[in-house]
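Heads up: the structure comes next, in structure tokens.
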Amino acid sequence: MANEYADLPTLKEQLGIEADDTSRDTLLNKALASASRSIDKTTGRRFWLDPAPVARTYNPRGRVVCDDDGETLLVDDIGSTAGLVVETGPAAGPWTAVTGYETTPDNAIADGRAITGLLRPNSTWAWQRGATTRVRVTAQFGWPAVPDDIAEAALIQASRLYKRKDSPEGIIGSAEWGVRNLSRRDPDVWNLIEPFILPGFG
């Protein structure tokens, strides 16, 4: 999967490796991929954008938040409104287009963040207990662009993973600090990604 959150030239520069030195590219690319996917798993979301709209189906039960403005259906991160289509219907179809909904939070895409909910102002995502009503959302899922903090976390973690080959037992040594154990979790990586973690993950 070529959806890494940092690029090879930047990682090489951070590690002090010459740009024309390709002898370690395989290991470096592997570290970048692993770092990026570990961020996905820890945060419960992914920050690359689908190249084209795809359809996902949701059961409104347990995904609807009610407030004075109406009902908001919580959806997976949506990174673009281009091609966004919302429909309702039984699990097997047919589907009926939904209009008059709003994306939330306000200005998410303009602020470089993902849409996480679909609000029906003064209305409901009507469903009944025991019914098979579903909502089908066709969209480009993901984030509009990789946030700077996520890119930095990927670089730090990729550097750490690359250097791990020199500490197979989880122990690393240096002239300045002597021998020490590697911590299980890098505090800088954690501080960078923590604001993006979905509830229930991490």
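Naming works like this for the structure tokens: A, B, ... for the chains as they're shown, residue 1 at the start of each chain, ligands 1 onward in shown order.
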Exercise for the section: Write out as a PyMOL selection string which residues come within 9 Å of A:Val189 when counting only C-alpha atoms, dropping same-chain ones fewer than 4 positions away. Expected result: chain A and resi 149-150+152-154+156-157+185+193-194
Problem - Shell of 12 Å around A:Pro51, only C-alpha atoms, local chain residues under 5 positions omitted, as a list in words - result: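 Close residues of A:Pro51: Asn3, Gly79, Ser80, Ala82, Gly83, Ala139, Gln140, Phe141, Gly142, Trp143 and Pro144 of chain A.
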Would you save the residues of that selection, restricted to C-alpha atoms, as an mmCIF file, in the first residue's frame?
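Output file selection_4.cif follows:
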data_model
loop_
_atom_site.group_PDB
_atom_site.id
_atom_site.type_symbol
_atom_site.label_atom_id
_atom_site.label_comp_id
_atom_site.auth_asym_id
_atom_site.auth_seq_id
_atom_site.Cartn_x
_atom_site.Cartn_y
_atom_site.Cartn_z
ATOM 1 C CA ASN A 3 -0.080 5.524 1.326
ATOM 2 C CA GLY A 79 -11.982 13.963 3.137
ATOM 3 C CA SER A 80 -13.842 15.538 0.232
ATOM 4 C CA ALA A 82 -16.751 15.806 -4.344
ATOM 5 C CA GLY A 83 -19.072 12.976 -5.376
ATOM 6 C CA ALA A 139 -17.668 9.505 -0.694
ATOM 7 C CA GLN A 140 -13.913 9.848 -0.756
ATOM 8 C CA PHE A 141 -13.088 8.560 2.694
ATOM 9 C CA GLY A 142 -9.966 9.631 4.551
ATOM 10 C CA TRP A 143 -8.515 13.095 5.187
ATOM 11 C CA PRO A 144 -8.108 16.022 2.759
#
Exercise for the section: Identify, on the basis of only C-alpha atoms, every residue whose closest approach to A:Leu15 does not exceed 10 Å; exclude the query and any residue fewer than 2 positions from it along the same chain; express the result as a count of residues only. Expected result: 11
Handout entry: All residues 10 Å or closer to A:Ile39, only C-alpha atoms, same chain fewer than 2 positions away omitted, as a count of residues only
Key = 22
Please tabulate, as a Markdown table, the residues of stretch 46-87 of chain A that come within 9 Å of stretch 109-117 of chain A, each with its closest pair of atoms and the distance in Å to one decimal, counting only C-alpha atoms and ordering rows by chain, then residue number upward.
| residue | atom | partner | partner_atom | distance |
| --- | --- | --- | --- | --- |
| A:Phe47 | CA | A:Ala114 | CA | 9.0 |
| A:Thr72 | CA | A:Gly117 | CA | 5.9 |
| A:Leu73 | CA | A:Gly117 | CA | 5.4 |
| A:Leu74 | CA | A:Gly117 | CA | 4.4 |
| A:Val75 | CA | A:Gly117 | CA | 5.4 |
| A:Asp76 | CA | A:Thr116 | CA | 6.1 |
| A:Asp77 | CA | A:Thr116 | CA | 5.1 |
| A:Ile78 | CA | A:Ile115 | CA | 4.9 |
| A:Gly79 | CA | A:Ala114 | CA | 5.0 |
| A:Ser80 | CA | A:Ile109 | CA | 6.9 |
| A:Thr81 | CA | A:Ile109 | CA | 8.3 |
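If you measure from each of A:Arg56, A:Arg120, A:Arg134, A:Arg160 to A:Asp69 using only C-alpha atoms, the closest one turns out to be A:Arg120.
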Practice task
Enumerate the residues of stretch 27-181 of chain A with a DSSP assignment of helix (DSSP H, G or I), computed from the backbone, and present them as a VMD selection string.
Solution key: chain A and resid 27 to 43 148 to 166
Using the selection just defined, write its residues with C-alpha atoms as a JSON list (two decimals), in the first residue's frame.
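Output contents, as saved in again31.json:
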[["chain", "number", "residue", "atom", "x", "y", "z"],
["A", 27, "LEU", "CA", 14.56, -1.18, 4.66],
["A", 28, "LEU", "CA", 13.65, 2.50, 4.79],
["A", 29, "ASN", "CA", 10.50, 2.04, 2.72],
["A", 30, "LYS", "CA", 9.50, -0.88, 4.92],
["A", 31, "ALA", "CA", 9.96, 1.29, 8.01],
["A", 32, "LEU", "CA", 7.84, 4.08, 6.49],
["A", 33, "ALA", "CA", 5.04, 1.67, 5.62],
["A", 34, "SER", "CA", 5.07, 0.06, 9.07],
["A", 35, "ALA", "CA", 5.13, 3.44, 10.83],
["A", 36, "SER", "CA", 2.19, 4.70, 8.78],
["A", 37, "ARG", "CA", 0.06, 1.61, 9.31],
["A", 38, "SER", "CA", 0.82, 1.60, 13.06],
["A", 39, "ILE", "CA", -0.50, 5.16, 13.23],
["A", 40, "ASP", "CA", -3.69, 3.96, 11.49],
["A", 41, "LYS", "CA", -4.14, 1.18, 14.03],
["A", 42, "THR", "CA", -3.42, 3.37, 17.04],
["A", 43, "THR", "CA", -5.67, 6.26, 16.01],
["A", 148, "ASP", "CA", 1.74, 17.89, 9.67],
["A", 149, "ASP", "CA", 1.75, 16.22, 13.10],
["A", 150, "ILE", "CA", 0.94, 12.84, 11.54],
["A", 151, "ALA", "CA", 3.72, 13.24, 8.97],
["A", 152, "GLU", "CA", 6.21, 14.12, 11.72],
["A", 153, "ALA", "CA", 5.09, 11.18, 13.85],
["A", 154, "ALA", "CA", 5.57, 8.85, 10.87],
["A", 155, "LEU", "CA", 9.12, 10.15, 10.34],
["A", 156, "ILE", "CA", 10.05, 9.69, 14.00],
["A", 157, "GLN", "CA", 8.56, 6.21, 14.14],
["A", 158, "ALA", "CA", 10.11, 5.16, 10.81],
["A", 159, "SER", "CA", 13.54, 6.31, 12.05],
["A", 160, "ARG", "CA", 13.01, 4.32, 15.22],
["A", 161, "LEU", "CA", 11.96, 1.21, 13.30],
["A", 162, "TYR", "CA", 14.91, 1.49, 10.92],
["A", 163, "LYS", "CA", 17.37, 1.74, 13.82],
["A", 164, "ARG", "CA", 15.68, -1.23, 15.51],
["A", 165, "LYS", "CA", 17.85, -3.55, 13.40],
["A", 166, "ASP", "CA", 20.76, -2.43, 15.57]]
Exercise for the section: Quick one: pick out all strand (DSSP E or B) residues within chain A from a backbone DSSP run and write them as a PyMOL selection string. Expected result: chain A and resi 54-58+64-67+70-90+96-97+102-104+115-121+133-141+171-174+178-181
Problem - Between atom CA of A:Val85 and atom CA of A:Thr138 - distance in Å to one decimal - result: 5.0 Å
